[in-house]
$ cat final.csv   # CSV, C-alpha atoms and all ligand atoms
chain,number,residue,atom,x,y,z
A,9,MET,CA,-23.8,-24.9,46.8
A,10,ALA,CA,-20.4,-26.0,48.0
A,11,ALA,CA,-19.3,-24.8,51.4
A,12,VAL,CA,-16.1,-22.8,51.4
A,13,ILE,CA,-15.9,-22.7,55.2
A,14,GLU,CA,-17.1,-25.6,57.4
A,15,ILE,CA,-16.8,-25.6,61.1
A,16,GLU,CA,-18.2,-28.4,63.3
A,17,ASN,CA,-18.4,-28.7,67.0
A,18,LEU,CA,-15.3,-26.4,67.6
A,19,ARG,CA,-14.2,-26.1,71.2
A,20,LYS,CA,-11.5,-23.8,72.5
A,21,THR,CA,-10.5,-23.1,76.1
A,22,TYR,CA,-8.0,-20.6,77.3
A,23,PHE,CA,-6.3,-21.1,80.6
A,24,SER,CA,-4.5,-18.5,82.7
A,25,LEU,CA,-3.1,-18.5,86.2
A,26,LEU,CA,-4.9,-15.3,86.9
A,27,HIS,CA,-8.3,-15.9,85.4
A,28,GLY,CA,-8.5,-19.7,85.4
A,29,LYS,CA,-10.4,-21.5,82.6
A,30,ARG,CA,-12.2,-19.6,79.9
A,31,VAL,CA,-14.4,-21.4,77.4
A,32,ALA,CA,-14.3,-19.2,74.3
A,33,LEU,CA,-15.8,-21.7,71.9
A,34,ASN,CA,-18.2,-24.4,73.2
A,35,GLY,CA,-19.2,-26.6,70.3
A,36,PHE,CA,-19.4,-23.9,67.6
A,37,ASP,CA,-20.7,-24.7,64.1
A,38,MET,CA,-20.6,-22.6,61.0
A,39,GLU,CA,-21.0,-23.1,57.2
A,40,VAL,CA,-20.4,-20.5,54.5
A,41,ALA,CA,-21.4,-21.3,51.0
A,42,ALA,CA,-19.4,-20.3,47.9
A,43,GLY,CA,-20.1,-16.8,46.5
A,44,GLN,CA,-21.9,-15.6,49.6
A,45,VAL,CA,-21.2,-12.5,51.7
A,46,HIS,CA,-21.7,-14.0,55.1
A,47,GLY,CA,-22.0,-12.0,58.3
A,48,PHE,CA,-20.5,-13.2,61.5
A,49,LEU,CA,-22.2,-11.6,64.5
A,50,GLY,CA,-21.9,-11.9,68.2
A,51,PRO,CA,-21.7,-9.8,71.4
A,52,ASN,CA,-18.2,-8.8,72.8
A,53,GLY,CA,-16.3,-11.8,74.0
A,54,SER,CA,-18.7,-14.3,72.3
A,55,GLY,CA,-15.8,-16.0,70.4
A,56,LYS,CA,-15.7,-14.4,66.9
A,57,THR,CA,-12.0,-13.6,66.8
A,58,THR,CA,-11.1,-16.9,68.5
A,59,THR,CA,-13.1,-18.7,65.7
A,60,LEU,CA,-11.3,-16.8,62.9
A,61,ARG,CA,-7.9,-17.2,64.6
A,62,THR,CA,-8.4,-20.9,65.0
A,63,LEU,CA,-9.6,-21.3,61.4
A,64,LEU,CA,-6.5,-19.5,60.1
A,65,GLY,CA,-4.1,-21.6,62.3
A,66,LEU,CA,-3.2,-18.8,64.6
A,67,ALA,CA,-4.7,-20.6,67.6
A,68,ARG,CA,-5.1,-24.3,68.3
A,69,ALA,CA,-8.6,-25.8,68.9
A,70,ASP,CA,-9.2,-28.3,71.8
A,71,SER,CA,-11.4,-30.3,69.5
A,72,GLY,CA,-13.8,-30.1,66.5
A,73,ARG,CA,-13.5,-30.1,62.7
A,74,MET,CA,-12.8,-27.3,60.3
A,75,SER,CA,-12.3,-27.2,56.5
A,76,LEU,CA,-11.5,-24.5,53.9
A,77,PHE,CA,-12.4,-25.2,50.3
A,78,GLY,CA,-13.3,-28.7,51.4
A,79,GLN,CA,-9.9,-29.5,52.8
A,80,PRO,CA,-9.3,-30.1,56.5
A,81,VAL,CA,-7.5,-27.3,58.4
A,82,PRO,CA,-5.2,-26.6,60.0
A,83,GLU,CA,-3.5,-29.6,58.2
A,84,ALA,CA,-4.2,-28.4,54.7
A,85,LEU,CA,-3.5,-24.7,55.4
A,86,PRO,CA,-0.3,-24.6,53.3
A,87,ALA,CA,-2.3,-25.9,50.4
A,88,VAL,CA,-5.2,-23.4,50.6
A,89,VAL,CA,-3.5,-20.3,52.1
A,90,GLY,CA,-2.8,-18.9,48.6
A,91,ARG,CA,-6.6,-18.8,47.9
A,92,LEU,CA,-7.6,-16.7,50.9
A,93,GLY,CA,-7.0,-13.2,52.2
A,94,ALA,CA,-7.7,-12.3,55.8
A,95,ILE,CA,-7.6,-9.4,58.3
A,96,VAL,CA,-8.0,-10.6,61.8
A,97,GLU,CA,-7.4,-8.0,64.5
A,98,SER,CA,-5.6,-4.8,63.5
A,99,PRO,CA,-2.6,-5.6,61.3
A,100,GLN,CA,0.6,-3.6,62.1
A,101,PHE,CA,2.6,-1.9,59.4
A,102,PHE,CA,6.0,-0.2,59.4
A,103,ARG,CA,5.2,3.4,60.2
A,104,ASN,CA,7.9,4.8,58.1
A,105,PHE,CA,7.1,2.9,54.9
A,106,THR,CA,4.6,4.4,52.5
A,107,GLY,CA,1.4,2.5,51.8
A,108,ARG,CA,2.6,1.6,48.3
A,109,ARG,CA,6.0,0.3,49.5
A,110,THR,CA,4.3,-1.7,52.2
A,111,LEU,CA,2.1,-3.4,49.6
A,112,ALA,CA,5.0,-3.8,47.1
A,113,LEU,CA,7.0,-5.7,49.8
A,114,LEU,CA,4.0,-7.9,50.6
A,115,ALA,CA,3.4,-8.5,46.9
A,116,ARG,CA,7.0,-9.5,46.3
A,117,ALA,CA,6.9,-11.9,49.3
A,118,GLY,CA,3.7,-13.5,48.0
A,119,GLY,CA,4.9,-13.8,44.4
A,120,VAL,CA,2.2,-11.2,43.2
A,121,PRO,CA,3.1,-9.0,40.2
A,122,ASP,CA,3.9,-5.3,41.1
A,123,ALA,CA,1.1,-4.1,38.9
A,124,ARG,CA,-1.4,-5.5,41.4
A,125,VAL,CA,-0.3,-2.9,44.0
A,126,ASP,CA,-1.9,-0.1,42.1
A,127,GLN,CA,-5.0,-2.1,41.4
A,128,VAL,CA,-5.6,-2.8,45.1
A,129,LEU,CA,-4.8,0.8,46.1
A,130,GLU,CA,-7.5,1.9,43.6
A,131,LEU,CA,-9.9,-0.7,44.9
A,132,VAL,CA,-9.8,0.6,48.5
A,133,GLY,CA,-9.8,4.3,47.4
A,134,MET,CA,-6.2,4.9,48.5
A,135,ARG,CA,-4.6,5.7,45.1
A,136,ASP,CA,-3.9,9.3,46.0
A,137,ARG,CA,-2.4,8.5,49.4
A,138,GLY,CA,-0.3,5.5,48.4
A,139,ASN,CA,3.0,7.5,48.4
A,140,GLU,CA,2.5,8.8,52.0
A,141,LYS,CA,4.0,7.2,55.0
A,142,VAL,CA,1.8,4.9,57.1
A,143,LYS,CA,2.4,7.1,60.2
A,144,THR,CA,0.5,9.9,58.5
A,145,TYR,CA,-2.6,7.7,57.9
A,146,SER,CA,-5.8,7.9,59.9
A,147,LEU,CA,-7.3,4.8,61.5
A,148,GLY,CA,-9.7,4.4,58.5
A,149,MET,CA,-6.8,4.7,56.0
A,150,LYS,CA,-4.8,2.0,57.9
A,151,GLN,CA,-7.9,-0.1,57.7
A,152,ARG,CA,-8.1,0.4,54.0
A,153,LEU,CA,-4.4,-0.5,53.6
A,154,ALA,CA,-5.1,-3.7,55.5
A,155,VAL,CA,-7.9,-4.6,53.2
A,156,ALA,CA,-5.7,-3.7,50.2
A,157,SER,CA,-3.0,-6.1,51.6
A,158,ALA,CA,-5.6,-8.9,51.9
A,159,LEU,CA,-6.7,-8.3,48.3
A,160,LEU,CA,-3.2,-8.6,46.8
A,161,LYS,CA,-3.5,-12.3,46.0
A,162,SER,CA,-7.0,-11.8,44.4
A,163,PRO,CA,-8.3,-14.3,47.0
A,164,GLU,CA,-11.3,-16.5,46.4
A,165,LEU,CA,-12.1,-16.2,50.1
A,166,LEU,CA,-11.8,-13.0,52.0
A,167,ILE,CA,-12.1,-13.0,55.8
A,168,LEU,CA,-12.6,-9.5,57.4
A,169,ASP,CA,-12.8,-9.0,61.1
A,170,GLU,CA,-14.5,-5.6,61.7
A,171,PRO,CA,-13.5,-4.1,58.3
A,172,ALA,CA,-15.6,-0.9,59.0
A,173,ASN,CA,-13.6,-0.2,62.1
A,174,GLY,CA,-12.5,3.5,62.0
A,175,LEU,CA,-14.2,4.3,58.8
A,176,ASP,CA,-16.4,7.3,58.3
A,177,PRO,CA,-19.8,7.0,56.7
A,178,ALA,CA,-18.5,7.5,53.2
A,179,GLY,CA,-15.7,4.9,54.0
A,180,ILE,CA,-18.3,2.4,55.3
A,181,ARG,CA,-20.3,2.8,52.1
A,182,GLU,CA,-17.2,2.3,50.0
A,183,MET,CA,-16.3,-0.8,52.0
A,184,ARG,CA,-19.9,-2.1,51.4
A,185,ASP,CA,-19.5,-1.5,47.6
A,186,LEU,CA,-16.1,-3.2,47.6
A,187,VAL,CA,-17.4,-6.3,49.5
A,188,ARG,CA,-20.5,-6.6,47.2
A,189,GLY,CA,-18.3,-6.0,44.2
A,190,LEU,CA,-15.9,-8.8,45.2
A,191,ALA,CA,-18.9,-11.2,45.7
A,192,ALA,CA,-20.3,-10.2,42.4
A,193,ALA,CA,-16.9,-11.2,40.9
A,194,GLY,CA,-17.3,-14.6,42.4
A,195,ALA,CA,-15.4,-14.3,45.7
A,196,THR,CA,-16.8,-15.5,49.1
A,197,VAL,CA,-16.5,-13.0,51.9
A,198,LEU,CA,-16.8,-13.7,55.6
A,199,VAL,CA,-17.3,-10.4,57.5
A,200,SER,CA,-17.6,-9.9,61.3
A,201,SER,CA,-19.0,-6.6,62.4
A,202,HIS,CA,-20.9,-4.9,65.1
A,203,LEU,CA,-22.7,-2.7,62.6
A,204,LEU,CA,-25.8,-4.7,62.3
A,205,ASP,CA,-27.5,-2.4,59.8
A,206,GLU,CA,-24.4,-2.7,57.6
A,207,ILE,CA,-24.5,-6.5,57.9
A,208,GLU,CA,-28.2,-6.5,57.0
A,209,GLN,CA,-27.4,-4.5,53.9
A,210,ILE,CA,-24.4,-6.4,52.5
A,211,CYS,CA,-24.8,-10.0,53.7
A,212,ASP,CA,-26.7,-12.8,52.0
A,213,SER,CA,-26.5,-15.0,55.1
A,214,VAL,CA,-25.4,-14.7,58.7
A,215,THR,CA,-24.2,-16.8,61.7
A,216,ILE,CA,-24.9,-15.4,65.1
A,217,ILE,CA,-22.7,-16.6,67.9
A,218,SER,CA,-23.3,-16.2,71.6
A,219,ARG,CA,-21.3,-17.7,74.5
A,220,GLY,CA,-19.2,-19.7,72.1
A,221,ARG,CA,-22.1,-21.4,70.3
A,222,ARG,CA,-24.1,-20.8,67.2
A,223,VAL,CA,-27.6,-19.4,68.1
A,224,ALA,CA,-28.8,-18.6,64.7
A,225,ALA,CA,-27.7,-19.1,61.1
A,226,GLY,CA,-29.1,-18.9,57.6
A,227,PRO,CA,-30.1,-16.4,54.9
A,228,VAL,CA,-30.7,-13.0,56.4
A,229,ALA,CA,-34.4,-13.0,55.4
A,230,ASP,CA,-34.9,-16.4,57.2
A,231,VAL,CA,-33.2,-15.3,60.4
A,232,LEU,CA,-35.4,-12.2,60.4
A,233,ALA,CA,-38.5,-14.2,59.6
A,234,SER,CA,-37.8,-16.6,62.4
A,235,GLN,CA,-38.3,-13.8,64.9
A,236,ASP,CA,-41.3,-12.2,63.2
A,237,LYS,CA,-44.1,-12.4,65.7
A,238,GLY,CA,-46.7,-11.2,63.4
A,239,GLU,CA,-47.0,-7.9,65.2
A,240,HIS,CA,-48.7,-4.7,64.0
A,241,LEU,CA,-48.7,-1.1,65.1
A,242,VAL,CA,-52.1,0.3,65.4
A,243,ARG,CA,-53.0,4.0,65.9
A,244,VAL,CA,-56.5,5.1,66.8
A,245,ARG,CA,-57.9,8.3,68.4
A,246,ASP,CA,-56.4,8.8,71.9
A,247,ASP,CA,-59.8,8.5,73.6
A,248,ASP,CA,-60.5,5.3,71.7
A,249,ARG,CA,-57.4,3.5,72.7
A,250,ASP,CA,-58.8,1.7,75.7
A,251,ARG,CA,-61.8,0.6,73.8
A,252,ALA,CA,-59.6,-0.7,70.9
A,253,GLY,CA,-57.5,-2.6,73.3
A,254,GLU,CA,-60.6,-4.3,74.8
A,255,LEU,CA,-62.0,-5.3,71.4
A,256,LEU,CA,-58.7,-6.8,70.2
A,257,ARG,CA,-58.0,-8.6,73.5
A,258,ALA,CA,-61.6,-10.0,73.5
A,259,ALA,CA,-60.8,-11.5,70.1
A,260,GLY,CA,-57.8,-13.3,71.6
A,261,LEU,CA,-55.0,-11.0,70.3
A,262,THR,CA,-52.1,-9.8,72.5
A,263,VAL,CA,-52.1,-6.0,72.9
A,264,ALA,CA,-49.5,-3.7,74.4
A,265,THR,CA,-49.2,0.0,74.4
A,266,ARG,CA,-46.1,1.7,72.9
A,267,ASP,CA,-46.1,5.5,72.9
A,268,ASP,CA,-49.4,6.6,71.4
A,269,ARG,CA,-50.0,3.4,69.6
A,270,LEU,CA,-51.0,-0.2,70.3
A,271,VAL,CA,-48.7,-3.2,69.4
A,272,VAL,CA,-51.0,-6.0,68.4
A,273,GLY,CA,-49.5,-9.6,68.2
A,274,GLY,CA,-50.7,-12.9,67.0
A,275,VAL,CA,-52.3,-11.5,63.8
A,276,ASP,CA,-52.2,-13.6,60.6
A,277,ASP,CA,-54.1,-11.1,58.5
A,278,ALA,CA,-54.0,-7.4,59.2
A,279,ALA,CA,-57.5,-7.0,57.7
A,280,ARG,CA,-58.8,-8.7,60.8
A,281,ILE,CA,-57.7,-5.8,63.0
A,282,SER,CA,-59.5,-3.3,60.9
A,283,GLU,CA,-62.6,-5.5,60.8
A,284,LEU,CA,-62.6,-6.0,64.6
A,285,LEU,CA,-62.2,-2.4,65.3
A,286,GLY,CA,-64.6,-1.2,62.6
A,287,THR,CA,-67.3,-3.6,63.9
A,288,GLY,CA,-66.8,-2.2,67.4
A,289,GLY,CA,-67.1,1.4,66.2
A,290,VAL,CA,-63.4,2.3,66.5
A,291,TRP,CA,-61.8,3.8,63.4
A,292,LEU,CA,-58.1,3.2,62.5
A,293,SER,CA,-55.8,6.0,61.5
A,294,GLU,CA,-52.7,3.8,61.0
A,295,LEU,CA,-52.0,0.1,60.7
A,296,SER,CA,-48.5,-1.1,59.8
A,297,PRO,CA,-46.6,-4.4,60.2
A,298,LEU,CA,-43.8,-4.4,62.7
A,299,THR,CA,-41.0,-6.3,61.0
A,300,PRO,CA,-37.9,-7.2,63.0
A,301,ASP,CA,-34.5,-5.8,61.9
A,302,LEU,CA,-31.2,-7.6,62.5
A,303,GLU,CA,-30.5,-5.4,65.5
A,304,SER,CA,-33.7,-6.5,67.3
A,305,VAL,CA,-33.2,-10.1,66.4
A,306,PHE,CA,-29.6,-10.0,67.5
A,307,LEU,CA,-30.5,-8.4,70.9
A,308,THR,CA,-33.3,-10.9,71.4
A,309,ILE,CA,-31.4,-14.1,70.4
A,310,THR,CA,-28.2,-13.2,72.3
A,311,GLY,CA,-30.0,-11.9,75.3
A,312,THR,CA,-28.2,-8.6,75.2
A,313,THR,CA,-31.1,-6.2,75.1
A,314,PRO,CA,-30.0,-3.4,77.4
A,315,GLU,CA,-32.2,-3.1,80.5
A,316,ALA,CA,-32.2,0.2,82.4
A,317,GLY,CA,-30.4,-0.1,85.7
A,318,SER,CA,-29.1,-3.6,85.2
A,319,TYR,CA,-25.4,-4.6,84.7
A,320,ARG,CA,-24.5,-6.8,81.7
A,321,PRO,CA,-21.0,-8.2,81.8
A,322,VAL,CA,-19.1,-7.6,78.5
A,323,ASP,CA,-17.2,-10.8,78.7
A,324,GLU,CA,-19.3,-13.7,77.5
A,325,SER,CA,-17.1,-16.6,78.4
A,326,ARG,CA,-17.2,-17.7,82.0
A,327,ASP,CA,-16.5,-20.6,84.2
A,328,GLU,CA,-19.8,-20.4,86.1
A,329,PRO,CA,-23.1,-21.6,84.6
A,330,TRP,CA,-24.8,-19.1,82.3
A,331,PRO,CA,-28.3,-18.0,82.8
A,332,ALA,CA,-30.6,-19.9,80.4
A,333,LEU,CA,-31.5,-18.2,77.1
A,334,THR,CA,-35.2,-18.3,76.7
A,335,THR,CA,-35.3,-17.4,73.0
A,336,PRO,CA,-35.7,-20.1,70.5
A,337,THR,CA,-33.0,-20.4,67.8
A,338,ALA,CA,-33.7,-19.3,64.3
A,339,THR,CA,-32.8,-21.6,61.4
A,340,THR,CA,-30.2,-22.9,63.7
A,341,GLY,CA,-28.2,-25.5,65.4
A,342,PRO,CA,-28.8,-26.2,69.0
A,343,ALA,CA,-29.1,-23.3,71.4
A,344,ALA,CA,-26.5,-22.9,74.0
A,345,PRO,CA,-27.5,-23.0,77.6
A,346,ALA,CA,-28.7,-26.4,78.9
A,347,ALA,CA,-25.8,-28.4,77.6
A,348,ALA,CA,-23.3,-25.6,78.1
A,349,ASN,CA,-24.3,-25.1,81.7
A,350,GLU,CA,-23.8,-28.8,82.5
A,351,GLU,CA,-20.5,-28.8,80.8
A,352,LEU,CA,-19.2,-25.7,82.5
A,353,SER,CA,-20.4,-26.5,86.0
A,354,GLN,CA,-18.6,-29.7,86.2
B,401,LIG,N1,-5.3,-15.2,74.4
B,401,LIG,C1,-6.4,-15.2,75.2
B,401,LIG,N2,-6.2,-15.7,76.5
B,401,LIG,C2,-7.2,-15.8,77.4
B,401,LIG,N3,-8.5,-15.5,77.0
B,401,LIG,C3,-8.8,-15.1,75.8
B,401,LIG,C4,-7.7,-15.0,74.8
B,401,LIG,N4,-8.3,-14.5,73.6
B,401,LIG,C5,-9.6,-14.4,73.8
B,401,LIG,N5,-9.9,-14.8,75.1
B,401,LIG,C6,-11.2,-14.8,75.7
B,401,LIG,O1,-12.0,-15.6,74.9
B,401,LIG,C7,-13.4,-15.1,74.9
B,401,LIG,C8,-13.7,-14.8,73.4
B,401,LIG,O2,-12.9,-13.8,72.9
B,401,LIG,P1,-13.0,-13.3,71.4
B,401,LIG,O3,-11.9,-12.3,71.2
B,401,LIG,O4,-12.9,-14.5,70.5
B,401,LIG,O5,-14.4,-12.6,71.3
B,401,LIG,P2,-15.0,-11.7,70.2
B,401,LIG,O6,-16.4,-12.3,69.9
B,401,LIG,O7,-14.1,-11.6,69.1
B,401,LIG,O8,-15.2,-10.3,71.0
B,401,LIG,P3,-15.2,-8.8,70.5
B,401,LIG,O9,-16.4,-8.6,69.7
B,401,LIG,O10,-15.1,-8.0,71.7
B,401,LIG,O11,-13.9,-8.6,69.6
B,401,LIG,C9,-13.3,-13.8,75.7
B,401,LIG,O12,-13.7,-14.1,77.0
B,401,LIG,C10,-11.8,-13.4,75.8
B,401,LIG,O13,-11.5,-12.8,76.9
$ encode --input "final.csv" --output "structure tokens"
Amino acid sequence: MAAVIEIENLRKTYFSLLHGKRVALNGFDMEVAAGQVHGFLGPNGSGKTTTLRTLLGLARADSGRMSLFGQPVPEALPAVVGRLGAIVESPQFFRNFTGRRTLALLARAGGVPDARVDQVLELVGMRDRGNEKVKTYSLGMKQRLAVASALLKSPELLILDEPANGLDPAGIREMRDLVRGLAAAGATVLVSSHLLDEIEQICDSVTIISRGRRVAAGPVADVLASQDKGEHLVRVRDDDRDRAGELLRAAGLTVATRDDRLVVGGVDDAARISELLGTGGVWLSELSPLTPDLESVFLTITGTTPEAGSYRPVDESRDEPWPALTTPTATTGPAAPAAANEELSQ
């Protein structure tokens, strides 16, 4: 499948008198295939917005290669810009214009027929509010208006930075249906979000960024499978739990206790657990596989799992060396730390 977005070894450093050097992107790679809904995930300050801004020519990279529809950007941006729609950071609209007038002006400026304005208002569920002024809109409505403006040109590629921002649960579901509908109609959608459950539901593939580098990428199922440790939850009678633990450990399995159950790791075949326990005279009341979700994978890979009593800095870009990530990458490019540490500590 042809790649609509390709980013290779992208590097971007910010300098400021006050804060010195900040490495926002440190050799970042990304590939998004045509027709996919691709999730772009990363902790706060990991470089998502910088990536999107750089891709769209709003910021200049230090080095690296990028292309859209197979054409190198930023050089070819004028040639491809008509084929993409993007919302990066919260767009500002004139507060005293109505939503419809706002879109009509944008349509005229972009050579889009007026009839398209009603179509996009309908698509984002704003048909009934189109004649009201923007200043009367809620955050979620402004977000919908922004998406409507990005859809005006019927783009082949839609880039959405946090599209669910400010939306209520019904709005999030509508946004999900809209994104899936656009992909079903042949568009490619790149969507950055902190709503991991949402990404898991709507995306075909994901890229996870941490500290300015890609730490996992690929089809959602593969990224999840890469972190599947073959763990199972086992419940036995309370007074049998110690005995069950002994039997399983003696067979070479890893066993931990979680609430009133055992977490058993290193199991290829769940039937082995029931056989081991049954032979030892302990009877199972529950045996279920523990499959990772995107949230647990994200927290593990990016090293952002909250720990009680410990402080985690929000800003991921730093001038000092980063502590090493111990987690292996999924179906990925190289993990960050070793090279990044060397580079940053120079
Ligand atoms: N204009 C700027 N000047 C200086 N530093 C910047 C600038 N823009 C971003 N940064 C820094 O670059 C790093 C990456 O920021 P970026 O906004 O790309 O992260 P993000 O992944 O989009 O974060 P979030 O999820 O919080 O939106 C951060 O340390 C940020 O403080």
$ residues_around --input "final.csv" --residues "Leu64 of chain A" --least-positions-apart "6" --cutoff "9 Å" --atoms "only C-alpha atoms" --output "ChimeraX atom specification"
/A:81-82,85,89,94
$ residues_around --input "final.csv" --residues "Asp246 of chain A" --least-positions-apart "6" --cutoff "12 Å" --atoms "all atoms listed in the file" --output "ChimeraX atom specification"
/A:252-253,265,267-270,290-293
$ residues_around --input "final.csv" --residues "Lys141 of chain A" --least-positions-apart "4" --cutoff "12 Å" --atoms "all atoms listed in the file" --output "PyMOL selection string"
chain A and resi 101-110+137+145-146+149-150+153
$ atom_distance --input "final.csv" --atom1 "atom CA of Ala192 of chain A" --atom2 "atom CA of Ile210 of chain A"
11.5 Å
$ closest_atom_pairs --input "final.csv" --of "chain A" --to "ligand LIG 401 (chain B)" --cutoff "10 Å" --atoms "only C-alpha atoms and all ligand atoms" --output "Markdown table"
| residue | atom | partner | partner_atom | distance |
| --- | --- | --- | --- | --- |
| A:Lys20 | CA | B:LIG401 | O1 | 8.6 |
| A:Thr21 | CA | B:LIG401 | O1 | 7.7 |
| A:Tyr22 | CA | B:LIG401 | C2 | 4.9 |
| A:Phe23 | CA | B:LIG401 | C2 | 6.3 |
| A:Ser24 | CA | B:LIG401 | C2 | 6.5 |
| A:Leu26 | CA | B:LIG401 | C2 | 9.8 |
| A:His27 | CA | B:LIG401 | C2 | 8.1 |
| A:Gly28 | CA | B:LIG401 | C2 | 9.0 |
| A:Lys29 | CA | B:LIG401 | C2 | 8.4 |
| A:Arg30 | CA | B:LIG401 | N3 | 6.2 |
| A:Val31 | CA | B:LIG401 | O1 | 6.8 |
| A:Ala32 | CA | B:LIG401 | C7 | 4.2 |
| A:Leu33 | CA | B:LIG401 | C8 | 7.4 |
| A:Phe48 | CA | B:LIG401 | O6 | 9.4 |
| A:Leu49 | CA | B:LIG401 | O6 | 8.0 |
| A:Gly50 | CA | B:LIG401 | O6 | 5.8 |
| A:Pro51 | CA | B:LIG401 | O9 | 5.7 |
| A:Asn52 | CA | B:LIG401 | O10 | 3.4 |
| A:Gly53 | CA | B:LIG401 | O5 | 3.4 |
| A:Ser54 | CA | B:LIG401 | O6 | 3.9 |
| A:Gly55 | CA | B:LIG401 | O4 | 3.3 |
| A:Lys56 | CA | B:LIG401 | O6 | 3.7 |
| A:Thr57 | CA | B:LIG401 | O7 | 3.7 |
| A:Thr58 | CA | B:LIG401 | O4 | 3.6 |
| A:Thr59 | CA | B:LIG401 | O4 | 6.4 |
| A:Leu60 | CA | B:LIG401 | O4 | 8.1 |
| A:Arg61 | CA | B:LIG401 | O4 | 8.2 |
| A:Thr62 | CA | B:LIG401 | O4 | 9.6 |
| A:Ala67 | CA | B:LIG401 | N1 | 8.7 |
| A:Val96 | CA | B:LIG401 | O7 | 9.6 |
| A:Glu97 | CA | B:LIG401 | O11 | 8.3 |
| A:Asp169 | CA | B:LIG401 | O7 | 8.5 |
| A:Glu170 | CA | B:LIG401 | O11 | 8.5 |
| A:Ser200 | CA | B:LIG401 | O9 | 8.6 |
| A:Ser201 | CA | B:LIG401 | O9 | 8.0 |
| A:His202 | CA | B:LIG401 | O9 | 7.4 |
| A:Ile217 | CA | B:LIG401 | O6 | 7.9 |
| A:Ser218 | CA | B:LIG401 | O6 | 8.1 |
| A:Arg219 | CA | B:LIG401 | C8 | 8.2 |
| A:Gly220 | CA | B:LIG401 | C8 | 7.5 |
| A:Val322 | CA | B:LIG401 | O10 | 7.9 |
| A:Asp323 | CA | B:LIG401 | O12 | 5.1 |
| A:Glu324 | CA | B:LIG401 | O12 | 5.6 |
| A:Ser325 | CA | B:LIG401 | O12 | 4.4 |
| A:Arg326 | CA | B:LIG401 | O12 | 7.1 |
$ closest_residue --input "final.csv" --among "A:Gln79, A:Gln151, A:Arg221, A:Asn173" --to "Leu18 of chain A" --atoms "only C-alpha atoms"
A:Arg221
$ atom_distance --input "final.csv" --atom1 "atom CA of Ile180 of chain A" --atom2 "atom CA of Leu66 of chain A"
27.6 Å
$ atom_distance --input "final.csv" --atom1 "atom CA of Arg152 of chain A" --atom2 "atom CA of Val132 of chain A"
5.8 Å
$ residues_around --input "final.csv" --residues "Leu295 of chain A" --least-positions-apart "5" --cutoff "9 Å" --atoms "all atoms listed in the file" --output "list of chain:residue names"
A:His240, A:Leu241, A:Val242, A:Arg243, A:Ala278, A:Ile281, A:Ser282
$ residues_around --input "final.csv" --residues "Val275 of chain A" --least-positions-apart "5" --cutoff "9 Å" --atoms "all atoms listed in the file" --output "PyMOL selection string"
chain A and resi 237-240+261-262+280-281
$ closest_residue --input "final.csv" --among "A:Glu182, A:Glu294, A:Glu83, A:Asp70" --to "Leu131 of chain A" --atoms "all atoms listed in the file"
A:Glu182
$ closest_residue --input "final.csv" --among "A:Asp247, A:Ala84, A:Met183, A:Ser98" --to "Gly133 of chain A" --atoms "only C-alpha atoms"
A:Met183
$ closest_residue --input "final.csv" --among "A:Pro227, A:Pro80, A:Gly288, A:Gly43" --to "Ser213 of chain A" --atoms "all atoms listed in the file"
A:Pro227
$ closest_atom_pairs --input "final.csv" --of "segment 109-150 of chain A" --to "segment 155-158 of chain A" --cutoff "7 Å" --atoms "all atoms listed in the file" --output "Markdown table"
| residue | atom | partner | partner_atom | distance |
| --- | --- | --- | --- | --- |
| A:Leu111 | CA | A:Ser157 | CA | 6.1 |
| A:Val128 | CA | A:Ala156 | CA | 5.2 |
| A:Leu129 | CA | A:Ala156 | CA | 6.2 |
| A:Val132 | CA | A:Ala156 | CA | 6.2 |
$ closest_residue --input "final.csv" --among "A:Gln44, A:Ser71, A:Thr310, A:Asn139" --to "Arg222 of chain A" --atoms "only C-alpha atoms"
A:Thr310
$ closest_atom_pairs --input "final.csv" --of "segment 158-199 of chain A" --to "segment 12-17 of chain A" --cutoff "12 Å" --atoms "all atoms listed in the file" --output "CSV"
residue,atom,partner,partner_atom,distance
A:Glu164,CA,A:Val12,CA,9.4
A:Leu165,CA,A:Val12,CA,7.8
A:Leu166,CA,A:Val12,CA,10.7
A:Ile167,CA,A:Ile13,CA,10.4
A:Ala195,CA,A:Val12,CA,10.3
A:Thr196,CA,A:Val12,CA,7.7
A:Val197,CA,A:Val12,CA,9.8
A:Leu198,CA,A:Ile13,CA,9.1
$ closest_residue --input "final.csv" --among "A:Gly286, A:Gly273, A:Gly47, A:Pro177" --to "Thr299 of chain A" --atoms "all atoms listed in the file"
A:Gly273
